[in-house]
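Q: Sharing a structure with you now.
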Amino acid sequence: MSERDLTRPHETGRRIPPVAISETSTLVNQTGSWKYIMPRYQDGVAPCNAGCPVGIDIEGYMYLIGQGRLQDAADLLIRENPMPAVTGRVCHHPCEDSCNRASLDEAVAIHSVERRLGDMILAAPPPPAPERTRTETVAVIGSGPAGLSCACFLARFGYGVTVFEAAPEAGGMLRLGIPEYRLPRAILDRQIERIEAEGIEIRISTRIGTDVPWAVLDGFDAVFVAPGAHMGKDSRIEGAEGVPEIRPGLEFLKEVNAGGRPELGDHVIVVGGGNTAMDCARSALRLGADVTVLYRRTPREMPAIPQEARETKEEGVKFEFLAAPTAVEMEDGEFVGITCQRMELGPPDDSGRRRPVPIEGDVFSMKADTVLTAIGEDCDLSFLPDEVRTNWGLVEVEALGESTSAPVFAGGDAVDLPRSVADALGAGKRAAIGIDHYLRKEAGEDVGEVPLDDLRFAGGNVSAMRYAKDEDPIPREAPVNDVVTWDQMNPHHYRSVPRHEDHFHAGIDLRSAFGETNFGLSQKEAIEEAERCLNCGVCNRCELCLIFCPDMAISRREDGGFEIDMRYCKGCGLCAAECPRGAIVMTREGM
Amino acid sequence: MSQTIIKQHIPRDDLLASGHLACPGCAAPIAMNLVLKALGPETMVVLPACCWSIIAGPWPQSSLRVPLYHTAFETAAAVASGIKAGLQSRGDTETTVIAWAGDGGTFDIGLQALSGAAERNEDFIYFCYDNEAYMNTGIQRSSATPWGAWTTTTPTSDPEHQPKKDIMAIMAAHRIPYAATASVAYPVDLVQKVEKARTIRGTRFIHILAPCPPGWKTQNDETIDLARMAVERRIFPLLEVENGGEWRFTVDHPGGPVEPYLRRQARFRHLNEVQVEHIQREVDARWKILSNRVKHGT
Amino acid sequence: MKKVMIGNHAVSWGVLRSRVEVISAYPITPQTQIVEALSDMVADGSLPARYIKVESEHSAMAACIGASIVGTRTFTATSSQGLALMHEMLHWAAGGRHPVVMANVNRAMAPGWNIWTDQNDSLSQRDTGWIQLYCETNQEVFDTTIQAFKLAEKVDLPVMLLLDAFFLSHTSEPVDVTEQEDVDRFLPRREAVYKMDTKDPHAFGALVRPDAYTEIRWQQQEAMHEARDVFRRVEDDWEAITGRRYGAVEAYRTEDADLLLVTSGTITSTARHVVDERRAGGDKVGLIKVKMFRPFPTDELRALLGGVDRVAVLDRNISPGHGGIFAEEIRSALYDVPPEDRPILFGYVLGLGGRDVTPTVIDDIIDNTRTKARPEREDLWVGVEL
């Protein structure tokens, strides 16, 4: 028996009101203990970044534009790509091919946004040259996109850089091969000036092996070889030898791009289906000719950038597919045209494209005053010492451009890479990292191995910022280096918005018009286009997770990010399921 | 802008506290939080018996940061009438009074009081968060349970054989100034409706579909997606009715087969193709009726 | 101000004088004149209240609860079936400690339909936690209506005042209607301690687990006990203003009586008349009127009935399977009286469904009580003709 009086109320100090009135909130219930999986903010890599051969944080600069931080966006862009005003015009933008937005409506017009930022950068005075922090110097052979890219990043890494250019003006294939109507010379000149302003010396009209001996490079601690591919392949047209009307297309382009206006006659045939062929055709058109592109496969197999091919066609160039030139046709000792063989598509070849095979007996003639052959170019590597091994006319290199003979590095069209401006820029950046790493190692620094996979954007090209451990202007939550695919995102929170297409100069007589035809987007349009970016894999503070969390467990941090209060998160997974960007994952970790 | 930047449309402050006792993935607290965000702190809530009686927390707790009265199952509309009358008699015309009831407390046991209050045009907003059965008592069928659904009182051998009651038509027939459907998957639409309702005087009715993972037999993280599917596939169209006669859709309803919606919920797992087809025809027929109401105004 | 009025209007006047703020009611015979008069008073502005014309008694009580939880003075009126429909919300009003005041016109329960008086409707609500006050006259109805608000608001419990169908509800009597300023002195505006307030938000009525439910009910019971004293003080205050008081229990000519009648409601007036006649004839008969049924006036009844030889309890109600409800309650109260002081108690059931209880019937009851050695059963049904 208790000492207490059983039926007398016992004073225990409990405060129980006369009615069931609340005195506290449910915060006393730590309902987070119910969960068996937990959410975590985890930023991934947008597919555009992974798909860019240059290695640009495209999603990053789109994010910054979305926040109204245009200048920060431009700064981020130029730190990974030294010539955005150029790439915004001439890059074949594989980033857009990998853009997740295409699954929703249309890919973001990344190139247009990049061009706008690039022009914005060129309009501003260049920043002071980076500080020279290294004693070593590096020689760069060739001032095309690969050479200038490598030189630029090396200068930023603190090295003294000298670029040797064979031609009287810098720019390499950008100047020699790309027509002015695609890349105005004023833009190119300013872009190169800006790169020079980073503290690079360019020695023009200095061909290694001809104007100066290879030995001149002995004074440098490393060499980057990027001479480009300038020798047209043999056309294999029977009887073409010695016929001046049959010209290598690249040679024709160089002449036109240097200001020449050669007489071509009324009818011009361009042989080939790549970008050089398109440039030849459109340049010939501008010289007043009636132009036909002769290509031995179908439109599907054409290696030219589809947009270039489309513009070529829109400008009035005719196309003759499944046809190959076989022989020169002469009349009275005068060139009058070519004999063509009709082709059909056979089984696929090594490139995966279906191989064209002749249709027995199906030949025809085409009248022509000039034939421009654009079926590929080779490199002249005769200046290289023997220790630098080549293979099929290309320098053998490792991932960071290391040739078989240190301290020689190589890149651009001289190595086994797709022949694009972007790939050349990317190769230059990789080589700059390779050279920096090599020189530091030579200097006795304990640099270990280059963490190549970590430097790459999810298997894409490397990031100079990641290599230099520069501060990322975008706040990222627990980033991982994996691409975020469309199926990891929630498409329902986006609505369809049409893509802004570049403005074209319409209604002008193209003949003799070498001015730029594509005017890009206005600033307003470019910003709107940037806002179409889905920020795949990256939290952009849309706050949907806050709205859909049934447990009010997510709150804003002072730095703008979010915090999940695990005392209350029940692990339902709605935040992860509804995150439009796939930036939240559910995990058992830490449970 | 391509993205629905919804945070700009939704007030920031939460009037619902963590630690409430809703099941993981429950739509009901999401709905409550959005509604209270739209209404603000000058709000009083009447809560009849329903899941939310538990979600609000046991004594001495409350998960709401506004006053809350727990009341008997069938009395939400009557108690709300009384609270409003009390406030009015003391000169308070600003406080928003809301009733917050489940489908059982609305479609079934509370319908009389709701009808009475609506007919009198009492000045409050009545919210029905509809999880399509008596979930709090363990998933028994209500008149909001859809045809074909399993519940613990409609076993798969004899599933629900009545279509869901057309509560919106009933409420519209009372000619109340404002009635609307809303969805947790469309938070901006929901908040805008609540904000609009707040500015109107008289009885306002907002019907919110609230998917229930344990009752619908779905994964916890499917709640929003199912709510969205229900709207897109015209199973739960989002609309407004003003003064009983002006019907208007508020979002797009692209349509599409209902089967994927049904198949993701194990409460419909027993349905055969013929039964699924039947539901599809019903949904199509209801959509036609609704479209006509929208077109012709009644 | 003296006015001749029916009992129902005495309620309405009491409500008017009490400055009720929210009324919510549903019509039922024989309550209707209460709400009709109130409708007029609200319509003409003499009573500035919100009157919610609900669709059922259940909603009437629910709406009163709603109005009460925001701190206002609320009133409803009903009868019989309507009261039964309210049952659930009667618990809610009491358990939520809402001082709602309700007039219930005592009417028999169906089936078959019956609109006349008996007390089974209100006594069926015995355990809902309401204070119950039974009235005998229209003046008492008026006075009790006003007192009920003061009592309810002092102890935060709902109060039901009862008046017999037709015998009071539809019967005209002179009523001294207390002046408004006097009532205002007696009954100030309600100031609720616990109420819904957006400036101080709380939840009311959430799930209470076994660890606290008992303690909350204990406090409700303590309030009921306190209500006895509070009612006494309320009557003191009212008497000081009006000179009128009734008591929870009234003893009428009980001096040296060997037989006491126990009544409630209008039977009391008839019994009073019979007692007067018997006393005139030298018969030592007295009368106990029970006004307050909940809380039950146990101590007063023990004091008044202990030591008396015989007690006849007249119940216009029946608890089927047991007996008249007042009789059973009184029998229970007297159990703790020393055995030698325990009276012999006769429990009469009569007047159901409005059957007349005439002086002759009461005379017969007195005689029966005197002549029988002991009651042959606990429920003695009067006048059953088969």
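Residues in the structure tokens are numbered from 1 in each chain, the chains being A, B, ... in the order shown, and ligands are numbered from 1 in the order shown.
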Would you please give, as a PDB file with C-alpha atoms, in the first residue's frame, all residues of stretch 172-311 of chain C that DSSP assigns to strand (DSSP E) based on the backbone?

A:
```pdb
ATOM      1  CA  SER C 172     -49.002  33.343 -19.802  1.00  0.00           C
ATOM      2  CA  GLU C 173     -47.987  34.644 -16.421  1.00  0.00           C
ATOM      3  CA  PRO C 174     -46.980  38.034 -15.149  1.00  0.00           C
ATOM      4  CA  VAL C 175     -43.213  38.452 -15.199  1.00  0.00           C
ATOM      5  CA  ASP C 176     -41.284  41.243 -13.575  1.00  0.00           C
ATOM      6  CA  ALA C 203      -4.971  24.604 -30.452  1.00  0.00           C
ATOM      7  CA  PHE C 204      -8.020  23.501 -28.495  1.00  0.00           C
ATOM      8  CA  VAL C 249     -33.380  23.122  -3.532  1.00  0.00           C
ATOM      9  CA  GLU C 250     -36.430  24.765  -2.037  1.00  0.00           C
ATOM     10  CA  ALA C 251     -37.991  23.481   1.205  1.00  0.00           C
ATOM     11  CA  TYR C 252     -41.693  24.329   1.410  1.00  0.00           C
ATOM     12  CA  LEU C 259     -43.886  13.056   4.759  1.00  0.00           C
ATOM     13  CA  LEU C 260     -42.158  15.090   2.141  1.00  0.00           C
ATOM     14  CA  LEU C 261     -43.037  15.306  -1.522  1.00  0.00           C
ATOM     15  CA  VAL C 262     -40.122  15.851  -3.887  1.00  0.00           C
ATOM     16  CA  THR C 263     -40.891  17.507  -7.211  1.00  0.00           C
ATOM     17  CA  VAL C 285     -46.885  17.156   4.721  1.00  0.00           C
ATOM     18  CA  GLY C 286     -44.117  19.217   3.191  1.00  0.00           C
ATOM     19  CA  LEU C 287     -42.558  19.775  -0.196  1.00  0.00           C
ATOM     20  CA  ILE C 288     -39.028  19.754  -1.570  1.00  0.00           C
ATOM     21  CA  LYS C 289     -38.518  21.373  -4.973  1.00  0.00           C
ATOM     22  CA  VAL C 290     -35.362  20.334  -6.741  1.00  0.00           C
ATOM     23  CA  MET C 292     -30.678  22.070  -9.647  1.00  0.00           C
ATOM     24  CA  PHE C 293     -30.286  18.558 -10.925  1.00  0.00           C
ATOM     25  CA  ARG C 294     -26.631  18.894 -11.987  1.00  0.00           C
ATOM     26  CA  ARG C 310     -41.491   8.973   4.343  1.00  0.00           C
ATOM     27  CA  VAL C 311     -40.541  10.611   1.099  1.00  0.00           C
TER      28      VAL C 311
END
```

Q: Please return, as a list of chain:residue names, all residues of chain B lying within 6 Å of chain A when only C-alpha atoms are considered.

A: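 My answer is B:Met1, B:Ser2, B:Gln3, B:Ser18, B:Gly19, B:His20, B:Pro24, B:Gly25, B:Pro29, B:Ile30, B:Trp59, B:Pro60, B:Gln61, B:Ser62, B:Ser63, B:Asn220, B:Asp221.
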
Q: Any chance you could export the current selection's C-alpha atoms as a tab-separated table (two decimals), in the first residue's frame?

A:
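Contents of out.tsv, freshly written:
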```tsv
chain	number	residue	atom	x	y	z
B	1	MET	CA	11.42	32.26	-68.42
B	2	SER	CA	11.26	28.60	-69.04
B	3	GLN	CA	11.01	27.53	-65.47
B	18	SER	CA	7.95	20.47	-38.29
B	19	GLY	CA	7.44	17.45	-36.11
B	20	HIS	CA	3.81	17.08	-37.09
B	24	PRO	CA	6.00	10.35	-44.82
B	25	GLY	CA	5.08	11.77	-48.20
B	29	PRO	CA	0.57	19.03	-44.72
B	30	ILE	CA	1.87	20.34	-48.04
B	59	TRP	CA	-2.14	17.80	-26.52
B	60	PRO	CA	-0.20	19.81	-25.43
B	61	GLN	CA	1.16	20.33	-28.96
B	62	SER	CA	0.05	22.17	-32.03
B	63	SER	CA	1.75	22.06	-35.39
B	220	ASN	CA	6.22	8.05	-50.48
B	221	ASP	CA	7.92	10.11	-53.17
```

Q: For stretch 97-204 of chain A against stretch 87-93 of chain A, with a cut-off of 12 Å and counting only C-alpha atoms, what is the closest atom pair and its distance in Å to one decimal for every residue that makes the cut, ordered by chain and number, as CSV?

A:
```
residue,atom,partner,partner_atom,distance
A:Asp97,CA,A:His93,CA,7.3
A:Ser98,CA,A:His93,CA,9.4
A:Cys99,CA,A:His93,CA,10.3
A:Ala107,CA,A:His93,CA,10.9
A:Val108,CA,A:His93,CA,10.8
A:Ala109,CA,A:His93,CA,9.1
A:Ile110,CA,A:His93,CA,7.6
A:His111,CA,A:Gly88,CA,4.7
A:Ser112,CA,A:Gly88,CA,6.1
A:Val113,CA,A:Gly88,CA,7.5
A:Glu114,CA,A:Gly88,CA,5.1
A:Arg115,CA,A:Gly88,CA,3.9
A:Arg116,CA,A:Gly88,CA,7.6
A:Leu117,CA,A:Gly88,CA,8.7
A:Gly118,CA,A:Gly88,CA,7.1
A:Asp119,CA,A:Gly88,CA,9.0
A:Met120,CA,A:Gly88,CA,11.8
A:Pro145,CA,A:Thr87,CA,9.8
A:Met173,CA,A:Val90,CA,11.8
A:Leu174,CA,A:Val90,CA,9.1
A:Arg175,CA,A:Val90,CA,11.9
A:Gly177,CA,A:Val90,CA,11.5
A:Ile178,CA,A:Val90,CA,8.5
A:Pro179,CA,A:Val90,CA,10.3
A:Glu180,CA,A:Val90,CA,11.0
A:Tyr181,CA,A:Arg89,CA,10.3
A:Arg182,CA,A:Arg89,CA,6.8
A:Leu183,CA,A:Arg89,CA,6.6
A:Pro184,CA,A:Arg89,CA,9.5
A:Ile187,CA,A:Arg89,CA,10.0
A:Leu188,CA,A:Thr87,CA,10.4
A:Gln191,CA,A:Thr87,CA,10.6
```

Q: Since we have the selection now, will you write its residues out, keeping C-alpha atoms, as a compact mmCIF listing (two decimals), in the first residue's frame?

A:
```
# COMPACT_ATOMS: atom_id res chain seq x y z
CA ASP A 97 23.75 18.34 -79.16
CA SER A 98 24.03 17.11 -75.59
CA CYS A 99 21.70 19.74 -74.08
CA ALA A 107 18.38 22.83 -77.02
CA VAL A 108 19.52 26.11 -75.54
CA ALA A 109 21.26 28.24 -78.19
CA ILE A 110 24.48 28.10 -76.20
CA HIS A 111 26.63 29.40 -79.04
CA SER A 112 24.51 32.54 -79.28
CA VAL A 113 24.84 33.26 -75.59
CA GLU A 114 28.56 32.59 -75.72
CA ARG A 115 28.96 34.92 -78.68
CA ARG A 116 27.16 37.67 -76.83
CA LEU A 117 29.38 37.25 -73.77
CA GLY A 118 32.43 37.03 -76.02
CA ASP A 119 31.57 40.32 -77.71
CA MET A 120 30.93 41.88 -74.33
CA PRO A 145 43.36 28.09 -81.75
CA MET A 173 43.40 28.44 -89.67
CA LEU A 174 41.01 30.92 -88.02
CA ARG A 175 42.44 33.55 -90.34
CA GLY A 177 40.71 28.93 -93.51
CA ILE A 178 37.58 30.55 -92.13
CA PRO A 179 35.90 33.10 -94.43
CA GLU A 180 35.31 36.58 -93.21
CA TYR A 181 31.55 36.34 -93.51
CA ARG A 182 31.66 33.73 -90.72
CA LEU A 183 34.40 35.31 -88.65
CA PRO A 184 34.95 39.00 -89.29
CA ILE A 187 36.64 40.22 -84.22
CA LEU A 188 39.52 37.84 -84.77
CA GLN A 191 40.37 38.41 -79.81
```

Q: Please identify all residues of chain C having at least one atom at most 6 Å from any atom of chain B, considering only C-alpha atoms, and return them as a list in words.

A: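 Per the criterion, chain C yields Arg50, Glu55, Ser59, Ala62, Ala63, Cys64, Gly66, Ala67, Thr72, Met196, Thr198, Pro201, His202, Ala203, Phe204, Gly205, Ala206, Leu207 and Val208 of chain C.
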
Q: Those same residues - C-alpha atoms - I'd like them written as a PDB file, in the first residue's frame.

A:
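Contents of result.pdb, freshly written:
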```pdb
ATOM      1  CA  ARG C  50     -25.592  37.557 -34.692  1.00  0.00           C
ATOM      2  CA  GLU C  55     -30.002  23.630 -40.464  1.00  0.00           C
ATOM      3  CA  SER C  59     -25.154  22.524 -35.944  1.00  0.00           C
ATOM      4  CA  ALA C  62     -21.669  23.394 -32.885  1.00  0.00           C
ATOM      5  CA  ALA C  63     -22.088  27.026 -33.919  1.00  0.00           C
ATOM      6  CA  CYS C  64     -22.597  28.078 -30.285  1.00  0.00           C
ATOM      7  CA  GLY C  66     -17.597  28.114 -32.246  1.00  0.00           C
ATOM      8  CA  ALA C  67     -18.873  31.482 -31.103  1.00  0.00           C
ATOM      9  CA  THR C  72     -18.629  35.609 -26.914  1.00  0.00           C
ATOM     10  CA  MET C 196      -8.990  31.532 -29.896  1.00  0.00           C
ATOM     11  CA  THR C 198      -4.579  35.121 -33.557  1.00  0.00           C
ATOM     12  CA  PRO C 201      -2.490  31.139 -31.110  1.00  0.00           C
ATOM     13  CA  HIS C 202      -3.310  27.842 -29.455  1.00  0.00           C
ATOM     14  CA  ALA C 203      -4.971  24.604 -30.452  1.00  0.00           C
ATOM     15  CA  PHE C 204      -8.020  23.501 -28.495  1.00  0.00           C
ATOM     16  CA  GLY C 205      -9.277  19.975 -28.032  1.00  0.00           C
ATOM     17  CA  ALA C 206      -6.418  17.932 -29.439  1.00  0.00           C
ATOM     18  CA  LEU C 207      -5.894  14.284 -28.665  1.00  0.00           C
ATOM     19  CA  VAL C 208      -5.391  13.850 -24.929  1.00  0.00           C
TER      20      VAL C 208
END
```

Q: Write out as a tab-separated table (two decimals) with N, CA and C atoms, in the first residue's frame each polymer residue whose atoms come within 7 Å of B:Ala101, counting only C-alpha atoms; drop sequence neighbours fewer than 4 positions from it.

A:
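So the final result, stored in out19.tsv, reads:
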```tsv
chain	number	residue	atom	x	y	z
B	47	LEU	N	-11.02	22.26	-37.31
B	47	LEU	CA	-10.54	20.95	-37.76
B	47	LEU	C	-11.44	19.85	-37.20
B	48	PRO	N	-12.27	19.27	-38.04
B	48	PRO	CA	-13.07	18.14	-37.56
B	48	PRO	C	-12.21	16.88	-37.56
B	50	CYS	N	-10.30	13.91	-38.68
B	50	CYS	CA	-9.70	13.58	-39.97
B	50	CYS	C	-8.23	13.28	-39.71
B	105	GLY	N	-15.35	13.92	-43.80
B	105	GLY	CA	-15.98	15.02	-43.09
B	105	GLY	C	-16.67	16.01	-44.00
B	106	THR	N	-16.43	15.88	-45.30
B	106	THR	CA	-17.02	16.81	-46.26
B	106	THR	C	-18.11	16.14	-47.10
B	127	PHE	N	-12.09	24.15	-46.75
B	127	PHE	CA	-11.14	23.35	-47.53
B	127	PHE	C	-11.44	21.88	-47.30
B	128	CYS	N	-11.54	21.15	-48.38
B	128	CYS	CA	-11.61	19.70	-48.28
B	128	CYS	C	-10.32	19.16	-48.86
B	129	TYR	N	-9.49	18.56	-48.02
B	129	TYR	CA	-8.33	17.84	-48.57
B	129	TYR	C	-8.77	16.39	-48.71
```

Q: Set the distance at 7 Å and use only C-alpha atoms: which residues neighbour C:Asn317 once local chain neighbours fewer than 6 positions away are removed? I'd like the list as a list in words.

A: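 The contact residues come out as Asp118, Gln119, Asn120, Gly324, Ile325, Val349 and Leu352 of chain C.
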
Q: B:Pro11, B:Pro257, B:Gly297, B:Gly104: which is nearest B:Ile167, counting only C-alpha atoms?

A: B:Gly104

Q: Residues at most 8 Å from stretch 234-238 of chain B, counting only C-alpha atoms, excluding those fewer than 5 positions away in the same chain, as a list in words?

A: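 Counting only C-alpha atoms, the residues come to Ala180, Thr181, Ala182, Ser183, Leu209, Phe249, Thr250, Val251, His253, Pro254, Gly255, Val258, Val283, Asp284 and Trp287 of chain B.
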
Q: Could the residues of chain C within 12 Å of chain A, counting only C-alpha atoms, be given as an NGL selection string, please?

A: :C and (69 or 92-98 or 155-157 or 193-196 or 200-209 or 211-223)

Q: Could those residues be written to a file, using C-alpha atoms, as a short mmCIF file (atom, residue, chain, number, x, y, z; two decimals), in the first residue's frame?

A:
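Result saved to out.cif:
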```
data_model
loop_
_atom_site.label_atom_id
_atom_site.label_comp_id
_atom_site.auth_asym_id
_atom_site.auth_seq_id
_atom_site.Cartn_x
_atom_site.Cartn_y
_atom_site.Cartn_z
CA ILE C 69 -14.42 29.74 -28.23
CA TRP C 92 -18.16 18.90 -26.61
CA ALA C 93 -19.46 22.08 -25.01
CA ALA C 94 -18.91 20.80 -21.51
CA GLY C 95 -15.56 19.08 -22.11
CA GLY C 96 -14.33 22.15 -23.97
CA ARG C 97 -15.53 24.29 -21.02
CA HIS C 98 -17.69 26.51 -23.19
CA VAL C 155 -17.27 28.11 -13.80
CA ASP C 156 -16.78 27.74 -17.57
CA LEU C 157 -19.46 25.11 -17.87
CA VAL C 193 -9.76 33.22 -20.19
CA TYR C 194 -9.31 30.52 -22.82
CA LYS C 195 -10.17 31.63 -26.31
CA MET C 196 -8.99 31.53 -29.90
CA ASP C 200 -1.83 34.21 -28.99
CA PRO C 201 -2.49 31.14 -31.11
CA HIS C 202 -3.31 27.84 -29.45
CA ALA C 203 -4.97 24.60 -30.45
CA PHE C 204 -8.02 23.50 -28.50
CA GLY C 205 -9.28 19.98 -28.03
CA ALA C 206 -6.42 17.93 -29.44
CA LEU C 207 -5.89 14.28 -28.67
CA VAL C 208 -5.39 13.85 -24.93
CA ARG C 209 -3.69 10.64 -23.93
CA ASP C 211 -1.76 10.34 -18.89
CA ALA C 212 -3.74 13.58 -18.78
CA TYR C 213 -7.34 12.80 -19.69
CA THR C 214 -8.24 11.97 -16.10
CA GLU C 215 -6.73 15.20 -14.80
CA ILE C 216 -8.72 17.27 -17.27
CA ARG C 217 -11.93 15.46 -16.33
CA TRP C 218 -11.10 15.93 -12.66
CA GLN C 219 -10.96 19.66 -13.16
CA GLN C 220 -14.27 19.57 -15.00
CA GLN C 221 -15.78 17.75 -12.02
CA GLU C 222 -14.24 20.23 -9.60
CA ALA C 223 -15.90 23.00 -11.55
#
```

Q: Considering only C-alpha atoms, return as an MDAnalysis selection string whatever protein or nucleic-acid residues lie within 12 Å of A:Asp279, sequence-local ones (same chain, fewer than 2 positions apart) excluded.

A: chainID A and resid 90 176:183 249:254 256:257 270:277 281:286 291 293 304:305 308:309 311:313 315 317 372:374 514

Q: Take the selection from the previous step and output its residues with C-alpha atoms, as a PDB file, in the first residue's frame.

A:
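Ended up saving to part08.pdb:
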```pdb
ATOM      1  CA  VAL A  90      32.385  29.272 -85.590  1.00  0.00           C
ATOM      2  CA  LEU A 176      43.517  31.474 -93.277  1.00  0.00           C
ATOM      3  CA  GLY A 177      40.712  28.931 -93.506  1.00  0.00           C
ATOM      4  CA  ILE A 178      37.579  30.552 -92.132  1.00  0.00           C
ATOM      5  CA  PRO A 179      35.896  33.097 -94.434  1.00  0.00           C
ATOM      6  CA  GLU A 180      35.311  36.580 -93.213  1.00  0.00           C
ATOM      7  CA  TYR A 181      31.546  36.345 -93.511  1.00  0.00           C
ATOM      8  CA  ARG A 182      31.663  33.731 -90.723  1.00  0.00           C
ATOM      9  CA  LEU A 183      34.403  35.311 -88.647  1.00  0.00           C
ATOM     10  CA  GLY A 249      39.995  24.429-101.817  1.00  0.00           C
ATOM     11  CA  LEU A 250      42.073  25.497 -98.806  1.00  0.00           C
ATOM     12  CA  GLU A 251      44.514  27.344-101.048  1.00  0.00           C
ATOM     13  CA  PHE A 252      41.563  29.139-102.654  1.00  0.00           C
ATOM     14  CA  LEU A 253      40.191  30.047 -99.241  1.00  0.00           C
ATOM     15  CA  LYS A 254      43.531  31.378 -98.066  1.00  0.00           C
ATOM     16  CA  VAL A 256      40.190  34.927-100.617  1.00  0.00           C
ATOM     17  CA  ASN A 257      40.662  35.313 -96.871  1.00  0.00           C
ATOM     18  CA  VAL A 270      33.304  22.077-105.020  1.00  0.00           C
ATOM     19  CA  VAL A 271      34.281  18.507-104.224  1.00  0.00           C
ATOM     20  CA  GLY A 272      33.730  17.386-100.636  1.00  0.00           C
ATOM     21  CA  GLY A 273      31.190  17.565 -97.827  1.00  0.00           C
ATOM     22  CA  GLY A 274      33.079  19.082 -94.914  1.00  0.00           C
ATOM     23  CA  ASN A 275      33.295  22.571 -93.530  1.00  0.00           C
ATOM     24  CA  THR A 276      36.113  23.531 -95.904  1.00  0.00           C
ATOM     25  CA  ALA A 277      33.868  22.511 -98.820  1.00  0.00           C
ATOM     26  CA  ALA A 281      31.232  26.989-101.953  1.00  0.00           C
ATOM     27  CA  ARG A 282      29.967  30.073-100.153  1.00  0.00           C
ATOM     28  CA  SER A 283      33.127  32.036-100.907  1.00  0.00           C
ATOM     29  CA  ALA A 284      32.855  31.075-104.572  1.00  0.00           C
ATOM     30  CA  LEU A 285      29.244  32.163-104.531  1.00  0.00           C
ATOM     31  CA  ARG A 286      30.328  35.530-103.222  1.00  0.00           C
ATOM     32  CA  VAL A 291      28.272  26.742-107.359  1.00  0.00           C
ATOM     33  CA  VAL A 293      28.863  20.868-104.217  1.00  0.00           C
ATOM     34  CA  ALA A 304      30.062  19.683 -92.222  1.00  0.00           C
ATOM     35  CA  ILE A 305      28.299  21.364 -89.289  1.00  0.00           C
ATOM     36  CA  GLU A 308      26.845  25.489 -92.119  1.00  0.00           C
ATOM     37  CA  ALA A 309      25.448  23.058 -94.675  1.00  0.00           C
ATOM     38  CA  GLU A 311      23.183  28.092 -94.652  1.00  0.00           C
ATOM     39  CA  THR A 312      25.181  27.050 -97.703  1.00  0.00           C
ATOM     40  CA  LYS A 313      22.088  25.582 -99.264  1.00  0.00           C
ATOM     41  CA  GLU A 315      22.428  30.886 -99.977  1.00  0.00           C
ATOM     42  CA  VAL A 317      24.566  26.550-103.552  1.00  0.00           C
ATOM     43  CA  LEU A 372      37.765  23.322-105.853  1.00  0.00           C
ATOM     44  CA  THR A 373      38.781  20.161-104.016  1.00  0.00           C
ATOM     45  CA  ALA A 374      38.082  20.061-100.307  1.00  0.00           C
ATOM     46  CA  PHE A 514      31.873  39.088 -97.503  1.00  0.00           C
TER      47      PHE A 514
END
```

Q: Between C:Leu151, C:Leu90, C:Ile365, C:Leu314, which is the closest to C:Arg126 once you count only C-alpha atoms?

A: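 Going through C:Leu151, C:Leu90, C:Ile365, C:Leu314 one by one, the smallest distance to C:Arg126 is for C:Leu90.
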
Q: Considering only C-alpha atoms, return as a PyMOL selection string whatever protein or nucleic-acid residues lie within 12 Å of B:Glu282, sequence-local ones (same chain, fewer than 6 positions apart) excluded.

A: chain B and resi 146-148+162-164+234-235+257-258+275-276+288-289

Q: Atoms to include: C-alpha atoms. Write the selected residues as a short mmCIF file (atom, residue, chain, number, x, y, z; two decimals), in the first residue's frame.

A:
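And here's again17.cif as it stands now:
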```cif
data_model
loop_
_atom_site.label_atom_id
_atom_site.label_comp_id
_atom_site.auth_asym_id
_atom_site.auth_seq_id
_atom_site.Cartn_x
_atom_site.Cartn_y
_atom_site.Cartn_z
CA PRO B 146 -13.30 6.39 -56.85
CA TRP B 147 -14.94 3.55 -58.71
CA GLY B 148 -12.91 0.38 -58.69
CA GLN B 162 -20.00 3.84 -57.00
CA PRO B 163 -18.36 6.73 -58.80
CA LYS B 164 -16.91 9.54 -56.73
CA ARG B 234 -8.40 14.96 -66.44
CA ILE B 235 -9.16 12.77 -63.45
CA PRO B 257 -4.61 7.52 -70.80
CA VAL B 258 -5.59 7.06 -67.16
CA GLN B 275 -12.36 -2.14 -65.77
CA VAL B 276 -9.56 0.24 -66.67
CA LYS B 288 -17.10 16.30 -71.59
CA ILE B 289 -19.65 17.37 -69.01
#
```
